[in-house]
>>> print(open('entry.txt').read())   # compact mmCIF, C-alpha atoms
# COMPACT_ATOMS: atom_id res chain seq x y z
CA MET A 1 -35.84 30.41 -8.62
CA SER A 2 -33.56 29.50 -11.48
CA SER A 3 -33.55 30.73 -15.02
CA GLY A 4 -31.41 30.18 -18.06
CA ASN A 5 -29.89 33.65 -17.66
CA SER A 6 -29.31 33.53 -13.91
CA THR A 7 -25.84 34.10 -12.53
CA ILE A 8 -23.97 32.82 -9.50
CA VAL A 9 -21.19 35.23 -8.55
CA VAL A 10 -18.15 33.70 -6.86
CA GLY A 11 -15.51 35.64 -4.99
CA VAL A 12 -12.11 34.22 -5.92
CA ALA A 13 -9.53 34.63 -3.18
CA GLU A 14 -5.89 35.19 -4.07
CA GLU A 15 -4.56 32.58 -1.69
CA GLY A 16 -6.70 29.79 -3.14
CA ALA A 17 -8.87 29.59 -0.01
CA SER A 18 -11.98 29.88 -2.18
CA GLY A 19 -11.55 26.44 -3.75
CA ALA A 20 -14.45 24.91 -1.79
CA ALA A 21 -16.63 27.91 -2.69
CA VAL A 22 -15.84 27.55 -6.40
CA HIS A 23 -16.65 23.84 -6.29
CA TRP A 24 -19.96 24.44 -4.49
CA ALA A 25 -20.95 27.23 -6.90
CA ALA A 26 -20.14 25.14 -9.97
CA ALA A 27 -22.28 22.24 -8.80
CA GLU A 28 -25.12 24.57 -7.85
CA ALA A 29 -24.96 26.39 -11.19
CA ALA A 30 -25.32 23.05 -12.96
CA ALA A 31 -28.37 22.20 -10.83
CA ARG A 32 -29.99 25.61 -11.49
CA GLY A 33 -29.05 25.99 -15.14
CA ALA A 34 -27.11 29.14 -14.23
CA GLN A 35 -23.80 30.63 -15.32
CA VAL A 36 -20.83 31.30 -13.03
CA HIS A 37 -19.19 34.71 -12.81
CA LEU A 38 -15.78 34.53 -11.12
CA VAL A 39 -14.79 37.86 -9.57
CA HIS A 40 -11.37 38.79 -8.23
CA ALA A 41 -10.62 42.10 -6.46
CA VAL A 42 -7.20 43.71 -6.52
CA PRO A 43 -6.18 46.91 -4.72
CA HIS A 44 -5.84 50.23 -6.49
CA GLU A 45 -2.36 51.09 -7.72
CA VAL A 46 -1.40 54.18 -5.72
CA PRO A 47 2.14 55.58 -6.01
CA TYR A 48 4.11 56.24 -2.88
CA ALA A 49 3.55 59.96 -2.28
CA VAL A 50 5.02 60.29 1.19
CA PRO A 51 7.87 62.63 0.05
CA GLN A 52 5.39 65.02 -1.54
CA VAL A 53 3.13 64.95 1.50
CA LEU A 54 6.10 65.87 3.64
CA GLY A 55 7.06 68.73 1.31
CA VAL A 56 10.02 66.90 -0.21
CA HIS A 57 9.99 67.16 -3.99
CA ALA A 58 11.08 63.72 -5.07
CA PRO A 59 9.67 61.48 -7.80
CA ALA A 60 7.05 59.03 -6.65
CA ALA A 61 8.39 55.49 -6.38
CA PRO A 62 6.44 52.71 -8.11
CA LEU A 63 4.73 50.05 -6.05
CA PRO A 64 6.74 46.82 -5.72
CA THR A 65 5.56 44.04 -8.00
CA GLU A 66 5.38 40.33 -7.37
CA PRO A 67 7.42 37.96 -9.56
CA PRO A 68 5.55 36.11 -12.35
CA GLY A 69 3.69 33.06 -11.15
CA HIS A 70 3.37 34.38 -7.59
CA PRO A 71 0.23 32.94 -5.91
CA LEU A 72 -1.22 36.44 -5.53
CA GLU A 73 -1.32 37.02 -9.30
CA PRO A 74 -5.02 37.52 -10.14
CA ASP A 75 -4.87 35.93 -13.61
CA VAL A 76 -3.51 32.72 -12.11
CA ALA A 77 -6.22 32.61 -9.43
CA LEU A 78 -9.00 33.20 -11.95
CA ARG A 79 -7.63 30.71 -14.44
CA ARG A 80 -7.42 27.98 -11.82
CA ALA A 81 -10.94 28.77 -10.61
CA ALA A 82 -12.32 28.61 -14.17
CA GLU A 83 -10.61 25.27 -14.69
CA GLN A 84 -12.18 24.01 -11.47
CA VAL A 85 -15.66 25.09 -12.62
CA ARG A 86 -15.22 23.28 -15.95
CA SER A 87 -13.98 20.18 -14.15
CA VAL A 88 -16.93 20.08 -11.74
CA ALA A 89 -19.62 21.18 -14.23
CA PRO A 90 -18.38 20.99 -17.84
CA GLY A 91 -21.56 22.44 -19.35
CA VAL A 92 -21.80 25.51 -17.14
CA PRO A 93 -20.88 28.83 -18.81
CA VAL A 94 -18.15 30.64 -16.87
CA ARG A 95 -16.67 34.12 -17.18
CA SER A 96 -14.09 36.00 -15.14
CA SER A 97 -13.55 39.59 -14.03
CA THR A 98 -10.71 41.39 -12.27
CA VAL A 99 -11.72 44.70 -10.68
CA ARG A 100 -9.55 47.22 -8.84
CA SER A 101 -11.22 47.89 -5.51
CA THR A 102 -11.79 46.24 -2.16
CA PRO A 103 -13.34 42.75 -2.14
CA ARG A 104 -16.47 43.95 -0.35
CA GLU A 105 -17.09 46.77 -2.87
CA VAL A 106 -16.41 44.57 -5.89
CA LEU A 107 -18.58 41.68 -4.72
CA LEU A 108 -21.47 43.88 -3.60
CA GLU A 109 -21.49 45.53 -7.03
CA ALA A 110 -21.25 42.21 -8.88
CA SER A 111 -24.05 40.64 -6.83
CA GLY A 112 -26.59 43.33 -7.71
CA ASP A 113 -28.29 41.19 -10.38
CA ALA A 114 -27.06 37.79 -9.20
CA GLU A 115 -29.11 34.84 -8.02
CA LEU A 116 -26.46 33.92 -5.44
CA LEU A 117 -23.16 35.26 -4.15
CA VAL A 118 -20.78 32.47 -3.08
CA VAL A 119 -17.65 33.22 -1.06
CA GLY A 120 -15.10 31.44 1.08
CA ALA A 121 -14.31 32.43 4.64
CA GLY A 122 -12.48 35.74 4.89
CA ARG A 123 -12.34 39.19 6.43
CA SER A 124 -15.25 40.50 4.33
CA THR A 125 -17.52 37.49 4.85
CA SER A 126 -19.70 38.91 7.63
CA PHE A 127 -20.05 42.27 5.89
CA LEU A 128 -21.12 40.65 2.61
CA ALA A 129 -23.57 38.34 4.38
CA GLU A 130 -25.19 41.33 6.08
CA HIS A 131 -25.35 43.73 3.13
CA ALA A 132 -25.50 41.80 -0.16
CA PRO A 133 -28.77 42.22 -2.10
CA CYS A 134 -29.01 38.48 -2.86
CA PRO A 135 -28.53 35.36 -0.74
CA VAL A 136 -24.90 34.79 0.23
CA VAL A 137 -23.53 31.25 0.59
CA VAL A 138 -20.37 31.05 2.69
CA VAL A 139 -18.40 27.88 1.98
CA ALA A 140 -15.51 27.59 4.41
CA ALA A 141 -15.36 23.84 3.77
CA ALA A 142 -17.41 21.21 1.97
CA ALA A 143 -20.20 19.42 3.80
CA PRO A 144 -19.11 16.08 5.32
CA ALA A 145 -19.40 12.91 3.27
CA GLY A 146 -22.89 11.48 3.42
CA ALA A 147 -24.40 14.76 4.62
CA ARG A 148 -28.15 15.05 4.17
CA GLY A 149 -30.76 17.71 4.58
CA VAL A 150 -31.12 21.46 4.84
CA VAL A 151 -31.31 23.09 8.29
CA VAL A 152 -32.89 26.53 8.66
CA GLY A 153 -33.17 28.80 11.69
CA PHE A 154 -36.64 30.31 12.09
CA ASP A 155 -37.64 33.10 14.50
CA VAL A 156 -40.82 34.46 12.76
CA SER A 157 -39.02 37.64 11.59
CA PRO A 158 -39.28 38.73 7.93
CA ALA A 159 -35.68 37.60 7.42
CA ALA A 160 -36.47 34.17 8.85
CA VAL A 161 -39.53 33.86 6.61
CA ALA A 162 -37.32 34.53 3.59
CA ALA A 163 -34.75 32.05 4.90
CA LEU A 164 -37.44 29.38 5.28
CA GLU A 165 -38.60 29.92 1.69
CA PHE A 166 -35.03 29.71 0.38
CA ALA A 167 -34.33 26.56 2.42
CA ALA A 168 -37.54 24.86 1.26
CA VAL A 169 -36.76 25.58 -2.40
CA GLN A 170 -33.21 24.30 -1.93
CA ALA A 171 -34.36 21.13 -0.16
CA ALA A 172 -36.87 20.46 -2.92
CA ARG A 173 -34.24 21.03 -5.63
CA TRP A 174 -31.82 18.65 -3.96
CA ARG A 175 -34.61 16.22 -2.94
CA GLN A 176 -33.43 16.46 0.63
CA PRO A 177 -35.36 16.72 3.93
CA LEU A 178 -35.82 20.10 5.58
CA ARG A 179 -35.36 20.69 9.31
CA VAL A 180 -36.71 23.93 10.79
CA VAL A 181 -35.10 24.92 14.09
CA HIS A 182 -36.72 27.45 16.41
CA THR A 183 -35.24 28.59 19.73
CA THR A 184 -37.29 30.30 22.39
CA HIS A 185 -36.54 31.60 25.88
CA LEU A 186 -39.47 30.89 28.15
CA PRO A 187 -40.39 33.32 30.93
CA VAL A 188 -39.19 32.82 34.48
CA ASP A 189 -41.45 34.30 37.18
CA HIS A 190 -42.48 33.95 40.82
CA LEU A 191 -44.53 30.82 40.09
CA ALA A 192 -41.26 28.90 39.92
CA LEU A 193 -41.14 29.24 43.73
CA THR A 194 -44.80 29.67 44.76
CA ASP A 195 -46.49 27.20 42.40
CA PRO A 196 -44.00 24.95 40.60
CA GLU A 197 -46.71 22.92 38.87
CA ALA A 198 -48.35 26.03 37.40
CA TYR A 199 -44.92 27.29 36.38
CA VAL A 200 -44.11 24.08 34.49
CA ALA A 201 -47.55 24.09 32.87
CA GLY A 202 -47.10 27.71 31.77
CA ARG A 203 -43.74 26.97 30.19
CA ARG A 204 -45.22 23.95 28.42
CA LEU A 205 -48.05 26.10 27.06
CA ALA A 206 -45.64 28.81 25.84
CA ARG A 207 -43.56 26.21 24.06
CA ALA A 208 -46.65 24.70 22.45
CA ARG A 209 -47.76 28.13 21.21
CA ALA A 210 -44.32 28.72 19.69
CA ARG A 211 -44.54 25.39 17.90
CA VAL A 212 -47.98 26.27 16.48
CA VAL A 213 -46.59 29.44 14.89
CA VAL A 214 -43.61 27.62 13.38
CA GLU A 215 -45.67 24.64 12.22
CA ARG A 216 -48.07 26.97 10.40
CA ALA A 217 -45.26 28.53 8.39
CA VAL A 218 -43.66 25.14 7.70
CA ALA A 219 -46.98 23.63 6.57
CA ALA A 220 -47.27 26.36 3.94
CA ALA A 221 -43.72 25.66 2.74
CA ARG A 222 -44.43 21.91 2.59
CA GLU A 223 -47.50 22.52 0.46
CA ARG A 224 -45.80 24.93 -1.95
CA HIS A 225 -42.65 22.91 -2.54
CA GLY A 226 -43.58 19.32 -1.74
CA VAL A 227 -40.69 18.94 0.67
CA ALA A 228 -40.47 16.69 3.72
CA ALA A 229 -39.98 18.97 6.72
CA ASP A 230 -39.90 18.62 10.47
CA VAL A 231 -39.84 21.21 13.26
CA VAL A 232 -37.50 21.32 16.24
CA VAL A 233 -38.29 23.73 19.10
CA VAL A 234 -35.47 24.22 21.60
CA THR A 235 -35.92 26.23 24.78
CA ASP A 236 -33.49 28.44 26.70
CA SER A 237 -30.47 27.96 24.43
CA PHE A 238 -28.47 30.29 22.21
CA ALA A 239 -29.70 30.09 18.63
CA SER A 240 -26.18 29.95 17.20
CA ASP A 241 -25.22 26.99 19.43
CA VAL A 242 -28.35 25.06 18.46
CA LEU A 243 -28.01 25.74 14.73
CA VAL A 244 -24.34 24.79 14.57
CA GLU A 245 -24.99 21.55 16.45
CA ARG A 246 -28.12 20.60 14.47
CA SER A 247 -26.37 21.19 11.14
CA ARG A 248 -23.30 19.02 11.73
CA ARG A 249 -24.42 16.34 9.25
CA ALA A 250 -26.45 18.61 6.93
CA ARG A 251 -25.62 19.75 3.40
CA LEU A 252 -26.55 23.38 4.10
CA LEU A 253 -27.43 25.67 7.00
CA VAL A 254 -29.71 28.64 6.23
CA VAL A 255 -30.25 31.77 8.33
CA GLY A 256 -31.88 35.13 7.69
CA ALA A 257 -29.98 38.40 7.36
CA HIS A 258 -31.80 40.75 9.69
CA GLU A 259 -32.32 44.43 9.04
CA ARG A 260 -29.24 46.36 10.02
CA THR A 261 -30.36 49.08 12.39
CA ALA A 262 -28.05 49.50 15.35
CA PHE A 263 -30.71 48.18 17.73
CA LEU A 264 -31.49 45.06 15.72
CA ARG A 265 -27.79 44.44 15.12
CA ALA A 266 -27.26 44.32 18.88
CA LEU A 267 -30.21 41.96 19.35
CA ARG A 268 -29.85 39.61 16.42
CA GLY A 269 -26.73 40.20 14.37
CA SER A 270 -24.56 38.11 16.65
CA THR A 271 -26.40 34.94 15.63
CA GLU A 272 -25.48 35.19 11.95
CA ARG A 273 -21.88 36.12 12.73
CA ALA A 274 -21.48 33.30 15.25
CA VAL A 275 -22.91 30.77 12.81
CA LEU A 276 -20.63 31.95 9.99
CA HIS A 277 -17.54 31.56 12.14
CA ARG A 278 -18.43 28.22 13.71
CA ALA A 279 -20.49 26.22 11.22
CA HIS A 280 -19.05 22.98 9.89
CA VAL A 281 -21.08 23.13 6.65
CA PRO A 282 -21.85 25.75 3.99
CA VAL A 283 -24.08 28.56 5.31
CA ALA A 284 -26.63 30.55 3.28
CA VAL A 285 -27.57 34.00 4.61
CA VAL A 286 -30.82 35.23 3.06
CA PRO A 287 -32.00 38.88 2.98
CA PRO A 288 -35.61 39.62 4.04
CA ARG A 289 -37.14 39.81 0.57
CA THR A 290 -40.14 37.46 0.77
CA ARG A 291 -42.83 36.59 3.27
CA VAL A 292 -44.95 33.50 3.76
CA ALA A 293 -48.54 34.65 3.34
CA ASP A 294 -49.85 32.48 6.18
CA LEU A 295 -47.57 34.14 8.72
CA ARG A 296 -49.06 37.57 8.03
CA ARG A 297 -52.42 36.21 9.22
CA VAL A 298 -51.10 34.84 12.54
CA PRO A 299 -52.59 36.88 15.42
CA SER A 300 -49.84 38.84 17.18
CA GLY A 301 -50.78 37.31 20.52
CA GLN A 302 -49.59 33.91 19.30
CA LEU A 303 -46.07 35.27 18.91
CA ALA A 304 -45.70 35.79 22.65
CA GLY A 305 -42.78 33.86 24.07
CA THR A 306 -41.08 33.29 20.70
CA ALA A 307 -37.50 34.28 20.00
>>> encode(input="entry.txt", output="structure tokens")
Amino acid sequence: MSSGNSTIVVGVAEEGASGAAVHWAAAEAAARGAQVHLVHAVPHEVPYAVPQVLGVHAPAAPLPTEPPGHPLEPDVALRRAAEQVRSVAPGVPVRSSTVRSTPREVLLEASGDAELLVVGAGRSTSFLAEHAPCPVVVVAAAAPAGARGVVVGFDVSPAAVAALEFAAVQAARWRQPLRVVHTTHLPVDHLALTDPEAYVAGRRLARARARVVVERAVAAARERHGVAADVVVVTDSFASDVLVERSRRARLLVVGAHERTAFLRALRGSTERAVLHRAHVPVAVVPPRTRVADLRRVPSGQLAGTA
């Protein structure tokens, strides 16, 4: 995945809240042999034109300016971020850009050719995670001391397949174990009352079928990347709750960014947003760019009962 010319774009927040993101990106750039591009967005300078709009012919007043050294000064934020990159990873090339536009527009544009987009928690985080063309890593805080492993949510969708591939590559790069978490809601029918034993057996069979599908995809990832991986299948629980809990001691949590039609957003989008707001570790959101070949050969009937 890495190359000598690859770039990790980092959104630098004015308030300094992106410090953990800058640190994570610097360390990752060193591991990948990539460069870091620090990007800071500032609003357009628009003169106050209210008098003209109201028909009053008065000269436009200039926008107020902050005193030198104010924490919102973009040059200060970028300089501190660059110093942090050099401190964490002295050999990593780093460059900086200040662009006049909204953070979401600036970072989407900058991430067009990037290997990763790394941001801290903020108002644009969910939007960027949903729409960026490359994987987005949201670093609200560093992983806990002694954290191990990469946790990935897997629901057999194209986005989840891409997330599994990303997580397997990352686990192999870090030489960490991979844990694949699948949640499924098993059917509830009249057998629960008329034939409890058959009902329990049916639920057990549905869960086993779900595990077969997930294990097949994970086996392919193990073979390609030589990573130690295990599968966890959890029934009748919200995916976001399970992923947040299972990732508490992990180095990274990975989820897929599902296609953004209105229907799919209602069905699936809440999982990514809930994870981003509640996770205790960095979260990677991966767009549906790649597929595991073995999954395309799984008969559709085996997907019954999976989330």
>>> closest_residue(input="entry.txt", among="A:Val136, A:Ala142, A:Val213, A:Ala201", to="Ser157 of chain A", atoms="only C-alpha atoms")
A:Val213
>>> residues_around(input="entry.txt", residues="Val139 of chain A", least_positions_apart="5", cutoff="10 Å", atoms="all atoms listed in the file", output="short mmCIF file (atom, residue, chain, number, x, y, z; two decimals) with C-alpha atoms, in the frame of the given file")
data_model
loop_
_atom_site.label_atom_id
_atom_site.label_comp_id
_atom_site.auth_asym_id
_atom_site.auth_seq_id
_atom_site.Cartn_x
_atom_site.Cartn_y
_atom_site.Cartn_z
CA ALA A 17 -8.87 29.59 -0.01
CA SER A 18 -11.98 29.88 -2.18
CA GLY A 19 -11.55 26.44 -3.75
CA ALA A 20 -14.45 24.91 -1.79
CA ALA A 21 -16.63 27.91 -2.69
CA VAL A 22 -15.84 27.55 -6.40
CA HIS A 23 -16.65 23.84 -6.29
CA TRP A 24 -19.96 24.44 -4.49
CA ALA A 25 -20.95 27.23 -6.90
CA VAL A 118 -20.78 32.47 -3.08
CA VAL A 119 -17.65 33.22 -1.06
CA GLY A 120 -15.10 31.44 1.08
CA ALA A 121 -14.31 32.43 4.64
CA LEU A 252 -26.55 23.38 4.10
CA LEU A 276 -20.63 31.95 9.99
CA ALA A 279 -20.49 26.22 11.22
CA HIS A 280 -19.05 22.98 9.89
CA VAL A 281 -21.08 23.13 6.65
CA PRO A 282 -21.85 25.75 3.99
CA VAL A 283 -24.08 28.56 5.31
CA ALA A 284 -26.63 30.55 3.28
#
>>> residues_near_point(input="entry.txt", point="(-10.9, 34.4, -6.1)", cutoff="10 Å", atoms="all atoms listed in the file", output="MDAnalysis selection string")
chainID A and resid 10:19 21:22 38:41 72 74:81 96:98 103 119:120
>>> atom_distance(input="entry.txt", atom1="atom CA of His277 of chain A", atom2="atom CA of Thr125 of chain A")
9.4 Å
>>> atom_distance(input="entry.txt", atom1="atom CA of Phe238 of chain A", atom2="atom CA of Val152 of chain A")
14.7 Å
>>> closest_residue(input="entry.txt", among="A:Ala143, A:Ala229, A:Leu164, A:Ala239", to="Thr183 of chain A", atoms="all atoms listed in the file")
A:Ala239
>>> closest_residue(input="entry.txt", among="A:Val161, A:Ala129, A:Val234, A:Ala171", to="Arg251 of chain A", atoms="all atoms listed in the file")
A:Ala171
>>> atom_distance(input="entry.txt", atom1="atom CA of Val88 of chain A", atom2="atom CA of Ala30 of chain A")
9.0 Å
>>> closest_residue(input="entry.txt", among="A:Arg216, A:Arg248, A:Arg32, A:His258", to="Pro144 of chain A", atoms="all atoms listed in the file")
A:Arg248
>>> residues_around(input="entry.txt", residues="segment 270-275 of chain A", least_positions_apart="5", cutoff="9 Å", atoms="all atoms listed in the file", output="list in words")
Ser126, Ala129, Glu130, Phe238, Ala239, Ser240, Asp241, Leu243, Val244, Leu253, Val255, Gly256, Ala257, His258, Arg265, Val283 and Val285 of chain A
>>> residues_around(input="entry.txt", residues="Pro43 of chain A", least_positions_apart="3", cutoff="7 Å", atoms="all atoms listed in the file", output="list of chain:residue names")
A:Arg100, A:Ser101, A:Thr102
>>> decode(input="entry.txt", residues="segment 16-38 of chain A", atoms="N, CA and C atoms", output="CSV table (one decimal), in the first residue's frame")
chain,number,residue,atom,x,y,z
A,16,GLY,N,-5.6,23.6,18.2
A,16,GLY,CA,-4.6,22.6,18.6
A,16,GLY,C,-5.2,21.2,19.0
A,17,ALA,N,-6.5,21.0,18.7
A,17,ALA,CA,-7.1,19.8,19.0
A,17,ALA,C,-6.6,18.6,18.1
A,18,SER,N,-5.9,18.9,17.1
A,18,SER,CA,-5.4,17.9,16.2
A,18,SER,C,-4.1,17.3,16.5
A,19,GLY,N,-3.5,17.7,17.7
A,19,GLY,CA,-2.2,17.2,18.1
A,19,GLY,C,-2.1,15.7,18.1
A,20,ALA,N,-3.1,14.9,18.6
A,20,ALA,CA,-3.0,13.5,18.5
A,20,ALA,C,-3.1,13.0,17.1
A,21,ALA,N,-3.8,13.7,16.2
A,21,ALA,CA,-3.9,13.3,14.8
A,21,ALA,C,-2.5,13.5,14.1
A,22,VAL,N,-1.9,14.6,14.4
A,22,VAL,CA,-0.6,14.9,13.8
A,22,VAL,C,0.5,13.8,14.3
A,23,HIS,N,0.4,13.5,15.6
A,23,HIS,CA,1.4,12.5,16.1
A,23,HIS,C,1.1,11.1,15.4
A,24,TRP,N,-0.1,10.7,15.3
A,24,TRP,CA,-0.4,9.4,14.7
A,24,TRP,C,0.0,9.4,13.2
A,25,ALA,N,-0.3,10.5,12.5
A,25,ALA,CA,0.1,10.6,11.1
A,25,ALA,C,1.6,10.5,10.9
A,26,ALA,N,2.3,11.2,11.8
A,26,ALA,CA,3.8,11.2,11.6
A,26,ALA,C,4.4,9.8,11.8
A,27,ALA,N,3.9,9.1,12.8
A,27,ALA,CA,4.4,7.8,13.1
A,27,ALA,C,4.0,6.8,11.9
A,28,GLU,N,2.8,7.0,11.4
A,28,GLU,CA,2.4,6.2,10.3
A,28,GLU,C,3.1,6.5,9.0
A,29,ALA,N,3.4,7.7,8.8
A,29,ALA,CA,4.2,8.1,7.6
A,29,ALA,C,5.6,7.5,7.7
A,30,ALA,N,6.2,7.5,8.8
A,30,ALA,CA,7.5,6.8,9.0
A,30,ALA,C,7.4,5.3,8.7
A,31,ALA,N,6.4,4.7,9.1
A,31,ALA,CA,6.2,3.2,8.9
A,31,ALA,C,5.9,2.9,7.4
A,32,ARG,N,5.3,3.8,6.7
A,32,ARG,CA,4.9,3.6,5.3
A,32,ARG,C,5.9,4.2,4.3
A,33,GLY,N,6.9,5.0,4.8
A,33,GLY,CA,7.8,5.7,3.9
A,33,GLY,C,7.1,6.8,3.1
A,34,ALA,N,6.1,7.4,3.8
A,34,ALA,CA,5.3,8.4,3.1
A,34,ALA,C,5.7,9.8,3.6
A,35,GLN,N,5.2,10.8,2.9
A,35,GLN,CA,5.4,12.2,3.4
A,35,GLN,C,4.1,12.7,4.0
A,36,VAL,N,4.2,13.8,4.8
A,36,VAL,CA,3.1,14.3,5.5
A,36,VAL,C,2.8,15.7,4.9
A,37,HIS,N,1.5,15.9,4.6
A,37,HIS,CA,1.0,17.2,4.1
A,37,HIS,C,0.1,17.8,5.1
A,38,LEU,N,0.5,18.8,5.8
A,38,LEU,CA,-0.3,19.5,6.8
A,38,LEU,C,-1.2,20.5,6.1
